[in-house]
Protein chains: 2
Amino acid sequence: MRVTEQTLEALSIGAAILGTGGGGDPLIGKLMAQQAIAEYGPVELVSLDEIDDTDVVFPVAMMGAPTVFLEKVPAGEEGYMAVQRMERHLGKKVTALCPIECGGMNSMIPFVVAARMGLPVVDGDGMGRAFPELQMETFHVLGVSGTPACIADEWGNVVLFETVDNYRLESFARACTVKMGGYSHLVDYPMTGTQVKGTAVRGTVSMAIRLGEALQEAHRSHVNPVEAVLAATRNTIYGHGIALFQGKVVDVSRRTSDGFAVGQARLQGFDEEEGKSMVIDFQNENLIAKVGDEVVASVPDLITLLDPDTGYAITNERLRYGQRVVVIGIPTPEIMRSEAALSVWGPKQFGYDIPFIPLEQAYPDFYRRVGVPLEKEKYLALMPPLER
Amino acid sequence: MRVTEQTLEALSIGAAILGTGGGGDPLIGKLMAQQAIAEYGPVELVSLDEIDDTDVVFPVAMMGAPTVFLEKVPAGEEGYMAVQRMERHLGKKVTALCPIECGGMNSMIPFVVAARMGLPVVDGDGMGRAFPELQMETFHVLGVSGTPACIADEWGNVVLFETVDNYRLESFARACTVKMGGYSHLVDYPMTGTQVKGTAVRGTVSMAIRLGEALQEAHRSHVNPVEAVLAATRNTIYGHGIALFQGKVVDVSRRTSDGFAVGQARLQGFDEEEGKSMVIDFQNENLIAKVGDEVVASVPDLITLLDPDTGYAITNERLRYGQRVVVIGIPTPEIMRSEAALSVWGPKQFGYDIPFIPLEQAYPDFYRRVGVPLEKEKYLALMPPLER
């Protein structure tokens with residue numbers, strides 16, 4: 001699939017939905033990627049099946065606070081610099097790039113560098129959504145070393161990490177990123193083709209594009225945009241999306257803690273949810289949605305707030321009193337739900353003393369009705385055995 | 001000069017004096033170096049004149065909080081690991097090691113690694129005392145790049161820095177060091193023989209040994225130990241040491257701020273200083289000594305508190321109410337007093353709106369009497385032209 005400036009438009013819309021309230025507004029990343037494609041030409045998005053075992057694949061991303069990214073626009077060469085440094089360190093030429101997350105801004109960064117270098121981007125990532133830390137990757141869960149990793153800033157400073165575990169990588173790289181002024185460009189988990197095929201969440205970039213295109217089409221044909229988003233999840237490796245709640249925002253509390261945007265949104269229902277209320281907790285990304293005392297959706301399933309009129313995702317920094325929203329849930333791909341995976345990004349890892357409750361369990365009637373999609377079944381057959 | 005376990009004993013005493021109240025207690029470093037020498041044999045201390053232009057010299061040191069170092073004893077191989085990593089990065093074998101500072105604990109670390117690797121240690125360092133930050137080195141002042149630099153911890157984590165300036169190195173390495181648990185082992189400013197000969201403060205390790213041996217000799221022959229320390233500074237590249245004040249500690253305030261031990265000691269005079277008082281400000285190391293309102297000594301000149309009975313240096317963490325002390329000043333070597341040098345470690349760099357006041361200026365009568373020592377004149381002739 002050829003990714004053009006137009007494709008990036010759709011990708012940015014879909015990536016905001018998969019960003020689950022966080023992940024950073026894709027806007028600046030999209031503009032950078034569009035500029036790179038205008039200058040160097042379109043980028044090939046290749047499926048994992050097209051990757052050779054001997055390919056050299058570098059995940060490339062931005063690390064740090066998306067808010068800073070909006071104010072202190074990158075010079076544009078940082079990601080390329082980090083990739084070059086990693087090539088030099090490994091003594092190997094990279095043959096494909098890959099996102100670490102397909103939600104939010106980091107869906108875009110690989111395209112900036114790929115256009116510049118004439119490389120393909122892999123249609124897959126390490127989480128099929130957005131998460132805040134470097135060990136929160138299927139690559140990590142399935143045993144790939146996050147290091148050697150390197151970060152670069154707009155001044156030309158480069159730091160290379162060789163750590164004994166991926167948590168240390170997160171800790172050291174985060175500390176340096178803060179000192180770099182709030183964000184850096186990162187290459188971590190450098191992989192062979194075999195490794196990326198065995199560990200990535202498949203087809204997530206095209207999933208984001210599909211969501212974006214569905215919404216664009218809904219706007220053209222005056223179809224209900226929220227319905228269009230939910231329909232676009234049908235027969236993917238994700239579960240079927242479901243509308244969890246509609247209401248208006250009656251309270252938002254938000255604070256910055258240890259570099260994260262932590263907070264809570266409170267919604268008051270209308271129409272069929274008249275009299276009910278929903279509370280959504282977030283740490284950058286949405287973590288838990290409750291109706292009354294009942295947890296109806298939990299991380300790593302995707303919880304996203306959409307504008308009911310446009311279907312566009314509303315990121316947490318843009319939430320405000322009085323806004324009308326529809327909250328949707330999308331079951332995360334199965335690879336994200338293994339016991340090992342949940343020990344990295346389950347509710348407990350974010351400080352909640354509750355088990356992960358899959359949307360299928362919270363809404364059994366709906367999911368009995370829609371069934372397990374064919375693509376998801378095919379996907380399960382492809383994946384390494386899960387240790388659940 | 002062969003450095004044995006006994007030499008290290010003297011070095012640790014002298015290095016505490018050159019540590020000017022900071023630099024960290026050399027105890028653990030000394031034990032590590034003594035153990036390494038017991039295991040691998042003595043280490044050759046070589047003068048800068050014995051270094052070839054093509055030598056490959058690595059400064060090796062500990063970075064971080066000396067207090068943590070006392071509680072969380074190093075595994076012992078960290079410095080060696082950092083040196084090996086730097087060799088691998090540069091594709092060169094190191095031929096000599098060098099201290100970054102000869103004051104306090106870091107006088108010892110090169111000997112730990114040198115014994116292990118069968119390498120000589122250079123008799124010189126980057127400041128002839130102790131300072132808290134990585135850019136506070138004559139190497140930096142005279143244009144050597146601090147990077148590539150690398151730090152290692154006891155777990156085997158290694159971080160490699162390539163920065164556009166030495167202040168960034170300090171900032172990034174400090175941040176990672178905190179995340180490594182409070183200290184790390186460091187190789188920075190890797191140099192050729194030519195570079196180290198043109199930038200190091202000469203003979204500082206042997207100066208520390210000389211101070212320590214003078215004190216040991218004074219103890220054996222029941223000579224006044226403070227007099228012995230001052231006499232040992234005669235005819236060195238430092239100026240002649242001078243007793244500035246004697247009194248007892250009536251107040252110590254100390255707080256930890258941004259990873260530094262910041263504070264003030266107040267002394268009440270006795271004997272000829274009866275009725276006078278001295279205030280000493282420190283940030284890890286002693287910065288400013290005042291009698292009444294008059295600044296009598298200021299950074300980078302050395303201000304050290306000695307126990308009047310033993311002549312041993314008292315580090316700031318061991319200062320306590322009621323202690324009797326003698327405060328001595330030692331004029332810093334001339335290479336440390338250039339305008340460029342003072343712009344890195346003059347009083348202004350530590351937040352004082354005063355110029356550097358050399359001890360020779362504060363005590364003109366004393367210094368007219370003792371004159372400029374021969375060694376210091378020879379040293380001035382050897383050094384690169386100063387831009388004062």
# chains A, B, ... in the order shown; residues from 1 in each chain; ligands from 1
call {"tool": "select_by_dssp", "arguments": {"residues": "segment 121-250 of chain B", "states": "helix (DSSP H, G or I)", "output": "PyMOL selection string"}}
result
chain B and resi 138-141+166-179+193-199+204-221+225-232
call {"tool": "calpha_fit_and_write", "arguments": {"fixed": "chain B", "moving": "chain A", "output": "CSV table (one decimal) with C-alpha atoms, in the first residue's frame"}}
result
chain,number,residue,atom,x,y,z
A,1,MET,CA,56.5,6.2,41.1
A,2,ARG,CA,55.1,2.9,42.2
A,3,VAL,CA,51.8,3.3,44.0
A,4,THR,CA,51.4,0.6,46.6
A,5,GLU,CA,48.7,0.0,49.3
A,6,GLN,CA,50.8,2.2,51.6
A,7,THR,CA,51.0,5.0,49.0
A,8,LEU,CA,47.2,4.9,48.8
A,9,GLU,CA,47.0,5.5,52.5
A,10,ALA,CA,48.9,8.8,52.1
A,11,LEU,CA,47.0,9.7,49.0
A,12,SER,CA,43.7,9.3,50.8
A,13,ILE,CA,44.8,11.7,53.5
A,14,GLY,CA,46.1,14.3,51.0
A,15,ALA,CA,43.1,13.9,48.7
A,16,ALA,CA,40.8,14.7,51.5
A,17,ILE,CA,42.7,18.0,52.0
A,18,LEU,CA,42.5,18.8,48.3
A,19,GLY,CA,38.8,17.8,48.4
A,20,THR,CA,38.1,21.2,50.1
A,21,GLY,CA,35.3,19.9,52.3
A,22,GLY,CA,33.7,17.9,49.5
A,23,GLY,CA,34.8,15.3,47.0
A,24,GLY,CA,33.5,12.5,49.1
A,25,ASP,CA,35.3,10.5,51.8
A,26,PRO,CA,38.1,8.5,50.0
A,27,LEU,CA,37.6,5.6,52.4
A,28,ILE,CA,35.6,3.2,50.2
A,29,GLY,CA,37.6,4.1,47.1
A,30,LYS,CA,40.8,3.5,49.0
A,31,LEU,CA,39.7,0.1,50.2
A,32,MET,CA,38.7,-0.8,46.6
A,33,ALA,CA,42.1,0.4,45.2
A,34,GLN,CA,44.0,-1.3,48.0
A,35,GLN,CA,42.2,-4.6,47.2
A,36,ALA,CA,42.9,-4.2,43.5
A,37,ILE,CA,46.6,-3.6,44.2
A,38,ALA,CA,46.8,-6.5,46.6
A,39,GLU,CA,45.3,-8.7,43.8
A,40,TYR,CA,47.0,-7.4,40.7
A,41,GLY,CA,50.1,-5.6,42.0
A,42,PRO,CA,51.2,-1.9,42.3
A,43,VAL,CA,50.3,0.8,39.8
A,44,GLU,CA,52.8,3.1,38.1
A,45,LEU,CA,52.1,6.8,38.6
A,46,VAL,CA,53.6,8.5,35.5
A,47,SER,CA,54.3,12.2,35.0
A,48,LEU,CA,52.8,14.0,32.1
A,49,ASP,CA,56.3,14.2,30.6
A,50,GLU,CA,56.4,10.4,30.4
A,51,ILE,CA,53.2,10.3,28.3
A,52,ASP,CA,53.6,9.9,24.5
A,53,ASP,CA,51.7,12.1,22.1
A,54,THR,CA,49.9,9.0,20.8
A,55,ASP,CA,48.9,7.6,24.1
A,56,VAL,CA,45.2,7.0,24.7
A,57,VAL,CA,44.2,8.4,28.0
A,58,PHE,CA,40.9,7.9,29.7
A,59,PRO,CA,39.8,9.9,32.8
A,60,VAL,CA,37.8,7.5,35.0
A,61,ALA,CA,35.8,8.5,38.0
A,62,MET,CA,32.7,8.0,40.0
A,63,MET,CA,29.8,10.4,39.4
A,64,GLY,CA,27.0,11.1,41.9
A,65,ALA,CA,26.4,11.3,45.6
A,66,PRO,CA,29.4,10.2,47.7
A,67,THR,CA,26.9,9.5,50.6
A,68,VAL,CA,25.2,6.9,48.5
A,69,PHE,CA,28.6,5.4,47.6
A,70,LEU,CA,29.1,4.7,51.3
A,71,GLU,CA,25.8,2.9,51.7
A,72,LYS,CA,25.6,1.1,48.4
A,73,VAL,CA,29.2,-0.2,47.9
A,74,PRO,CA,30.2,-0.7,44.3
A,75,ALA,CA,30.5,-4.2,42.8
A,76,GLY,CA,34.1,-3.2,41.8
A,77,GLU,CA,34.0,-3.8,38.1
A,78,GLU,CA,31.9,-0.8,37.1
A,79,GLY,CA,34.9,1.4,36.2
A,80,TYR,CA,36.5,-1.4,34.3
A,81,MET,CA,33.3,-1.9,32.4
A,82,ALA,CA,33.0,1.8,31.5
A,83,VAL,CA,36.6,1.7,30.2
A,84,GLN,CA,36.0,-1.4,28.1
A,85,ARG,CA,32.9,0.2,26.6
A,86,MET,CA,34.8,3.3,25.7
A,87,GLU,CA,37.6,1.2,24.1
A,88,ARG,CA,35.0,-0.6,22.1
A,89,HIS,CA,33.4,2.6,21.0
A,90,LEU,CA,36.6,4.3,19.9
A,91,GLY,CA,38.1,1.1,18.5
A,92,LYS,CA,41.3,1.9,20.5
A,93,LYS,CA,43.1,0.4,23.5
A,94,VAL,CA,43.6,2.7,26.4
A,95,THR,CA,47.2,3.1,27.4
A,96,ALA,CA,46.9,5.2,30.6
A,97,LEU,CA,44.2,6.3,33.0
A,98,CYS,CA,43.8,9.6,34.7
A,99,PRO,CA,41.7,11.1,37.5
A,100,ILE,CA,39.2,13.8,36.7
A,101,GLU,CA,39.8,15.3,40.2
A,102,CYS,CA,42.5,14.6,42.7
A,103,GLY,CA,40.4,15.7,45.7
A,104,GLY,CA,38.3,13.2,47.6
A,105,MET,CA,37.2,9.8,46.5
A,106,ASN,CA,37.9,10.2,42.8
A,107,SER,CA,41.6,10.3,43.4
A,108,MET,CA,41.2,6.6,44.1
A,109,ILE,CA,39.0,5.3,41.3
A,110,PRO,CA,41.7,5.3,38.5
A,111,PHE,CA,43.9,3.1,40.7
A,112,VAL,CA,41.1,0.5,41.0
A,113,VAL,CA,40.8,0.2,37.3
A,114,ALA,CA,44.5,0.6,36.5
A,115,ALA,CA,45.5,-2.3,38.8
A,116,ARG,CA,42.9,-4.5,37.2
A,117,MET,CA,44.1,-3.6,33.7
A,118,GLY,CA,47.9,-3.3,34.3
A,119,LEU,CA,47.9,0.3,33.2
A,120,PRO,CA,49.7,3.4,34.5
A,121,VAL,CA,47.9,6.4,36.1
A,122,VAL,CA,48.8,9.9,35.0
A,123,ASP,CA,50.1,12.3,37.7
A,124,GLY,CA,47.6,15.1,36.9
A,125,ASP,CA,43.9,15.7,36.8
A,126,GLY,CA,41.3,18.2,35.5
A,127,MET,CA,41.1,20.6,38.5
A,128,GLY,CA,43.7,19.9,41.2
A,129,ARG,CA,40.9,19.7,43.7
A,130,ALA,CA,37.3,18.6,43.8
A,131,PHE,CA,34.4,20.1,41.9
A,132,PRO,CA,30.8,18.9,41.5
A,133,GLU,CA,30.1,19.0,37.7
A,134,LEU,CA,31.6,17.4,34.6
A,135,GLN,CA,32.3,20.6,32.7
A,136,MET,CA,34.3,21.9,35.7
A,137,GLU,CA,37.5,20.5,34.2
A,138,THR,CA,40.6,22.1,32.7
A,139,PHE,CA,40.0,19.7,29.8
A,140,HIS,CA,36.7,21.5,29.1
A,141,VAL,CA,38.2,25.0,29.6
A,142,LEU,CA,41.0,24.2,27.2
A,143,GLY,CA,38.6,22.8,24.5
A,144,VAL,CA,38.5,19.0,24.9
A,145,SER,CA,35.2,17.4,24.2
A,146,GLY,CA,33.8,15.6,27.2
A,147,THR,CA,32.1,13.1,24.9
A,148,PRO,CA,32.1,10.4,23.8
A,149,ALA,CA,31.5,9.6,27.5
A,150,CYS,CA,29.9,6.6,29.1
A,151,ILE,CA,28.6,5.6,32.5
A,152,ALA,CA,28.1,2.2,33.9
A,153,ASP,CA,26.3,0.8,37.0
A,154,GLU,CA,26.7,-2.3,39.1
A,155,TRP,CA,24.0,-4.2,37.2
A,156,GLY,CA,25.8,-3.9,33.9
A,157,ASN,CA,23.8,-1.0,32.5
A,158,VAL,CA,25.8,1.3,30.2
A,159,VAL,CA,24.8,4.6,28.7
A,160,LEU,CA,26.9,6.3,26.0
A,161,PHE,CA,26.7,10.1,25.4
A,162,GLU,CA,27.6,12.0,22.3
A,163,THR,CA,26.7,15.6,23.0
A,164,VAL,CA,27.3,18.9,21.3
A,165,ASP,CA,28.7,20.5,24.5
A,166,ASN,CA,30.0,19.5,27.8
A,167,TYR,CA,27.1,21.1,29.8
A,168,ARG,CA,24.7,18.7,28.1
A,169,LEU,CA,26.9,15.8,29.0
A,170,GLU,CA,26.7,16.9,32.7
A,171,SER,CA,23.0,17.3,32.5
A,172,PHE,CA,22.2,13.9,30.8
A,173,ALA,CA,24.7,11.9,32.7
A,174,ARG,CA,23.5,13.4,36.0
A,175,ALA,CA,19.9,12.5,35.2
A,176,CYS,CA,20.8,8.9,34.3
A,177,THR,CA,23.1,8.6,37.4
A,178,VAL,CA,20.2,9.5,39.6
A,179,LYS,CA,18.2,6.7,38.0
A,180,MET,CA,21.1,4.3,38.4
A,181,GLY,CA,20.5,4.7,42.1
A,182,GLY,CA,22.6,7.7,43.0
A,183,TYR,CA,26.0,7.0,41.5
A,184,SER,CA,27.7,5.6,38.4
A,185,HIS,CA,31.1,5.0,37.1
A,186,LEU,CA,32.2,7.3,34.3
A,187,VAL,CA,34.7,7.6,31.5
A,188,ASP,CA,34.6,11.1,29.9
A,189,TYR,CA,37.1,13.4,28.0
A,190,PRO,CA,38.9,10.5,26.3
A,191,MET,CA,42.2,12.1,25.1
A,192,THR,CA,45.4,11.6,23.2
A,193,GLY,CA,48.7,12.0,25.0
A,194,THR,CA,49.1,15.4,23.3
A,195,GLN,CA,45.7,16.6,24.6
A,196,VAL,CA,46.2,15.5,28.2
A,197,LYS,CA,49.7,17.1,28.3
A,198,GLY,CA,48.2,20.3,27.1
A,199,THR,CA,45.3,20.5,29.4
A,200,ALA,CA,45.8,18.6,32.7
A,201,VAL,CA,46.8,20.2,36.0
A,202,ARG,CA,50.2,18.7,36.5
A,203,GLY,CA,51.5,16.6,39.4
A,204,THR,CA,48.3,16.8,41.4
A,205,VAL,CA,48.2,13.1,42.4
A,206,SER,CA,51.8,13.3,43.8
A,207,MET,CA,50.8,16.5,45.5
A,208,ALA,CA,48.1,14.7,47.3
A,209,ILE,CA,50.5,11.9,48.2
A,210,ARG,CA,53.0,14.5,49.4
A,211,LEU,CA,50.4,16.2,51.7
A,212,GLY,CA,49.4,12.8,53.1
A,213,GLU,CA,53.0,11.7,53.7
A,214,ALA,CA,53.9,15.1,55.4
A,215,LEU,CA,51.0,14.5,57.8
A,216,GLN,CA,52.1,10.9,58.5
A,217,GLU,CA,55.6,12.1,59.1
A,218,ALA,CA,54.3,14.9,61.4
A,219,HIS,CA,52.5,12.3,63.5
A,220,ARG,CA,55.6,10.1,63.8
A,221,SER,CA,57.8,13.0,64.8
A,222,HIS,CA,55.3,14.9,66.9
A,223,VAL,CA,55.4,18.1,64.8
A,224,ASN,CA,52.4,20.4,64.6
A,225,PRO,CA,50.3,18.7,61.9
A,226,VAL,CA,48.7,21.8,60.5
A,227,GLU,CA,52.2,23.4,60.1
A,228,ALA,CA,53.3,20.2,58.3
A,229,VAL,CA,50.4,20.5,55.8
A,230,LEU,CA,51.2,24.1,55.1
A,231,ALA,CA,54.9,23.4,54.7
A,232,ALA,CA,54.2,20.6,52.3
A,233,THR,CA,52.6,23.1,49.9
A,234,ARG,CA,55.9,25.0,49.6
A,235,ASN,CA,57.5,24.9,46.2
A,236,THR,CA,54.6,23.2,44.4
A,237,ILE,CA,52.5,24.3,41.5
A,238,TYR,CA,49.9,25.5,44.1
A,239,GLY,CA,50.6,28.6,46.0
A,240,HIS,CA,51.8,28.4,49.6
A,241,GLY,CA,49.1,27.3,52.0
A,242,ILE,CA,48.0,29.7,54.7
A,243,ALA,CA,46.2,29.3,58.0
A,244,LEU,CA,43.1,31.6,57.7
A,245,PHE,CA,41.3,31.1,60.9
A,246,GLN,CA,41.0,29.0,64.0
A,247,GLY,CA,37.8,28.6,65.9
A,248,LYS,CA,35.0,26.4,66.9
A,249,VAL,CA,31.9,25.5,65.0
A,250,VAL,CA,28.9,27.3,66.4
A,251,ASP,CA,26.4,26.7,63.7
A,252,VAL,CA,26.1,24.4,60.6
A,253,SER,CA,23.2,24.5,58.3
A,254,ARG,CA,23.0,21.9,55.5
A,255,ARG,CA,20.4,20.9,53.0
A,256,THR,CA,20.3,18.7,49.9
A,257,SER,CA,19.3,20.8,46.9
A,258,ASP,CA,19.3,19.4,43.3
A,259,GLY,CA,21.6,16.6,44.4
A,260,PHE,CA,24.1,18.9,46.1
A,261,ALA,CA,24.9,19.3,49.8
A,262,VAL,CA,24.4,23.1,50.2
A,263,GLY,CA,25.0,24.9,53.4
A,264,GLN,CA,27.0,27.2,55.7
A,265,ALA,CA,29.3,26.7,58.7
A,266,ARG,CA,29.8,29.5,61.3
A,267,LEU,CA,33.0,29.6,63.4
A,268,GLN,CA,33.8,31.5,66.5
A,269,GLY,CA,37.4,32.4,66.8
A,270,PHE,CA,39.8,31.7,69.7
A,271,ASP,CA,43.3,32.7,70.6
A,272,GLU,CA,44.3,35.5,68.3
A,273,GLU,CA,40.9,35.3,66.5
A,274,GLU,CA,39.1,35.8,69.9
A,275,GLY,CA,36.0,37.8,69.2
A,276,LYS,CA,36.0,37.3,65.4
A,277,SER,CA,33.9,34.9,63.4
A,278,MET,CA,34.2,33.2,60.1
A,279,VAL,CA,31.4,32.0,57.8
A,280,ILE,CA,32.1,29.3,55.1
A,281,ASP,CA,29.6,28.6,52.4
A,282,PHE,CA,29.7,25.3,50.6
A,283,GLN,CA,28.0,23.5,47.7
A,284,ASN,CA,29.6,20.0,48.3
A,285,GLU,CA,32.9,21.8,48.3
A,286,ASN,CA,33.8,25.0,50.3
A,287,LEU,CA,33.2,28.1,48.1
A,288,ILE,CA,33.7,31.2,50.1
A,289,ALA,CA,35.2,32.1,53.4
A,290,LYS,CA,34.3,35.4,55.1
A,291,VAL,CA,35.6,37.1,58.2
A,292,GLY,CA,32.9,39.5,59.2
A,293,ASP,CA,31.9,41.0,55.9
A,294,GLU,CA,35.2,40.5,54.2
A,295,VAL,CA,35.7,37.7,51.7
A,296,VAL,CA,39.1,36.2,52.6
A,297,ALA,CA,39.1,33.2,50.3
A,298,SER,CA,37.0,32.2,47.3
A,299,VAL,CA,36.6,29.4,44.8
A,300,PRO,CA,38.6,28.1,42.9
A,301,ASP,CA,41.3,28.6,45.6
A,302,LEU,CA,41.2,25.8,48.1
A,303,ILE,CA,39.5,26.3,51.5
A,304,THR,CA,39.8,23.3,53.8
A,305,LEU,CA,39.0,22.7,57.4
A,306,LEU,CA,41.5,20.7,59.4
A,307,ASP,CA,41.4,19.1,62.8
A,308,PRO,CA,44.0,21.1,64.8
A,309,ASP,CA,45.1,18.0,66.7
A,310,THR,CA,45.6,15.6,63.8
A,311,GLY,CA,45.7,17.8,60.7
A,312,TYR,CA,43.2,15.6,58.9
A,313,ALA,CA,40.7,17.3,56.7
A,314,ILE,CA,37.1,17.6,58.0
A,315,THR,CA,34.6,17.0,55.2
A,316,ASN,CA,31.4,19.0,55.4
A,317,GLU,CA,29.2,16.1,56.2
A,318,ARG,CA,31.2,15.5,59.3
A,319,LEU,CA,31.1,19.1,60.6
A,320,ARG,CA,29.3,19.4,63.9
A,321,TYR,CA,28.6,21.9,66.7
A,322,GLY,CA,31.5,22.5,69.1
A,323,GLN,CA,34.2,21.1,66.9
A,324,ARG,CA,37.6,23.0,66.9
A,325,VAL,CA,39.0,23.6,63.5
A,326,VAL,CA,41.7,25.4,61.6
A,327,VAL,CA,40.7,26.8,58.3
A,328,ILE,CA,43.5,26.8,55.7
A,329,GLY,CA,43.6,28.3,52.2
A,330,ILE,CA,45.8,27.0,49.3
A,331,PRO,CA,46.1,29.1,46.2
A,332,THR,CA,44.9,27.1,43.2
A,333,PRO,CA,47.4,26.4,40.3
A,334,GLU,CA,47.5,29.2,37.8
A,335,ILE,CA,45.8,27.1,35.0
A,336,MET,CA,42.7,27.2,37.2
A,337,ARG,CA,42.6,31.0,37.3
A,338,SER,CA,42.4,32.1,33.6
A,339,GLU,CA,39.4,34.1,32.6
A,340,ALA,CA,38.0,31.1,30.7
A,341,ALA,CA,38.5,28.9,33.7
A,342,LEU,CA,36.8,31.4,36.1
A,343,SER,CA,33.9,31.6,33.7
A,344,VAL,CA,33.3,27.9,34.5
A,345,TRP,CA,34.1,27.7,38.2
A,346,GLY,CA,34.5,31.3,39.5
A,347,PRO,CA,32.3,32.6,42.4
A,348,LYS,CA,29.7,33.8,39.9
A,349,GLN,CA,29.1,30.3,38.6
A,350,PHE,CA,28.1,29.3,42.1
A,351,GLY,CA,25.7,32.3,42.4
A,352,TYR,CA,27.9,34.9,44.1
A,353,ASP,CA,28.0,38.3,42.7
A,354,ILE,CA,31.7,38.8,43.5
A,355,PRO,CA,34.9,38.5,41.6
A,356,PHE,CA,37.4,35.8,42.4
A,357,ILE,CA,39.8,37.1,45.0
A,358,PRO,CA,43.1,35.3,45.0
A,359,LEU,CA,44.5,34.5,48.4
A,360,GLU,CA,47.6,36.4,47.4
A,361,GLN,CA,45.4,39.5,47.0
A,362,ALA,CA,43.6,38.9,50.3
A,363,TYR,CA,46.9,38.3,52.2
A,364,PRO,CA,49.5,40.4,50.4
A,365,ASP,CA,51.9,40.6,53.4
A,366,PHE,CA,52.1,36.9,53.8
A,367,TYR,CA,52.5,36.2,50.1
A,368,ARG,CA,55.1,39.0,49.7
A,369,ARG,CA,57.0,37.2,52.4
A,370,VAL,CA,56.8,33.7,50.9
A,371,GLY,CA,57.2,34.7,47.3
A,372,VAL,CA,56.2,32.8,44.2
A,373,PRO,CA,57.6,29.2,44.5
A,374,LEU,CA,60.1,28.0,42.0
A,375,GLU,CA,57.9,25.0,40.9
A,376,LYS,CA,55.0,27.3,40.2
A,377,GLU,CA,57.2,29.5,38.0
A,378,LYS,CA,58.5,26.4,36.1
A,379,TYR,CA,54.9,25.3,35.8
A,380,LEU,CA,53.7,28.6,34.3
A,381,ALA,CA,56.4,28.3,31.7
A,382,LEU,CA,55.1,24.9,30.7
A,383,MET,CA,51.4,25.8,30.4
A,384,PRO,CA,49.6,27.0,27.3
A,385,PRO,CA,49.4,30.8,27.2
A,386,LEU,CA,46.7,32.0,29.5
A,387,GLU,CA,44.2,34.5,28.3
A,388,ARG,CA,43.9,36.5,31.5
call {"tool": "select_by_dssp", "arguments": {"residues": "segment 35-268 of chain A", "states": "strand (DSSP E or B)", "output": "MDAnalysis selection string"}}
result
chainID A and resid 43:46 56:64 96:98 121:122 124:125 149:152 158:162 183:187 191:192 201:202 242:257 260:268
call {"tool": "decode", "arguments": {"residues": "segment 9-45 of chain A", "atoms": "C-alpha atoms", "output": "JSON list (two decimals), in the first residue's frame"}}
result
[["chain", "number", "residue", "atom", "x", "y", "z"],
["A", 9, "GLU", "CA", -4.84, 12.52, 6.57],
["A", 10, "ALA", "CA", -6.91, 9.37, 7.17],
["A", 11, "LEU", "CA", -4.18, 7.83, 9.32],
["A", 12, "SER", "CA", -4.12, 10.85, 11.59],
["A", 13, "ILE", "CA", -7.89, 10.61, 12.15],
["A", 14, "GLY", "CA", -7.73, 6.89, 12.89],
["A", 15, "ALA", "CA", -4.59, 7.15, 15.02],
["A", 16, "ALA", "CA", -6.32, 9.67, 17.25],
["A", 17, "ILE", "CA", -9.09, 7.08, 17.84],
["A", 18, "LEU", "CA", -6.56, 4.32, 18.62],
["A", 19, "GLY", "CA", -4.74, 6.82, 20.87],
["A", 20, "THR", "CA", -7.52, 6.30, 23.47],
["A", 21, "GLY", "CA", -7.44, 9.87, 24.71],
["A", 22, "GLY", "CA", -3.64, 10.09, 24.81],
["A", 23, "GLY", "CA", -0.82, 9.39, 22.40],
["A", 24, "GLY", "CA", -0.52, 13.04, 21.50],
["A", 25, "ASP", "CA", -2.31, 14.98, 18.81],
["A", 26, "PRO", "CA", -1.01, 13.63, 15.46],
["A", 27, "LEU", "CA", -1.15, 17.12, 13.90],
["A", 28, "ILE", "CA", 2.52, 18.17, 13.96],
["A", 29, "GLY", "CA", 3.64, 14.64, 13.12],
["A", 30, "LYS", "CA", 1.22, 14.57, 10.20],
["A", 31, "LEU", "CA", 2.51, 17.87, 8.86],
["A", 32, "MET", "CA", 6.10, 16.62, 9.15],
["A", 33, "ALA", "CA", 5.27, 13.35, 7.40],
["A", 34, "GLN", "CA", 3.28, 15.12, 4.68],
["A", 35, "GLN", "CA", 6.19, 17.48, 4.06],
["A", 36, "ALA", "CA", 8.62, 14.56, 3.87],
["A", 37, "ILE", "CA", 6.38, 12.71, 1.40],
["A", 38, "ALA", "CA", 5.94, 15.88, -0.69],
["A", 39, "GLU", "CA", 9.73, 16.17, -0.83],
["A", 40, "TYR", "CA", 10.82, 12.55, -1.21],
["A", 41, "GLY", "CA", 7.71, 10.73, -2.51],
["A", 42, "PRO", "CA", 5.21, 8.24, -1.08],
["A", 43, "VAL", "CA", 6.12, 5.52, 1.42],
["A", 44, "GLU", "CA", 5.32, 1.84, 0.97],
["A", 45, "LEU", "CA", 3.35, 0.31, 3.86]]
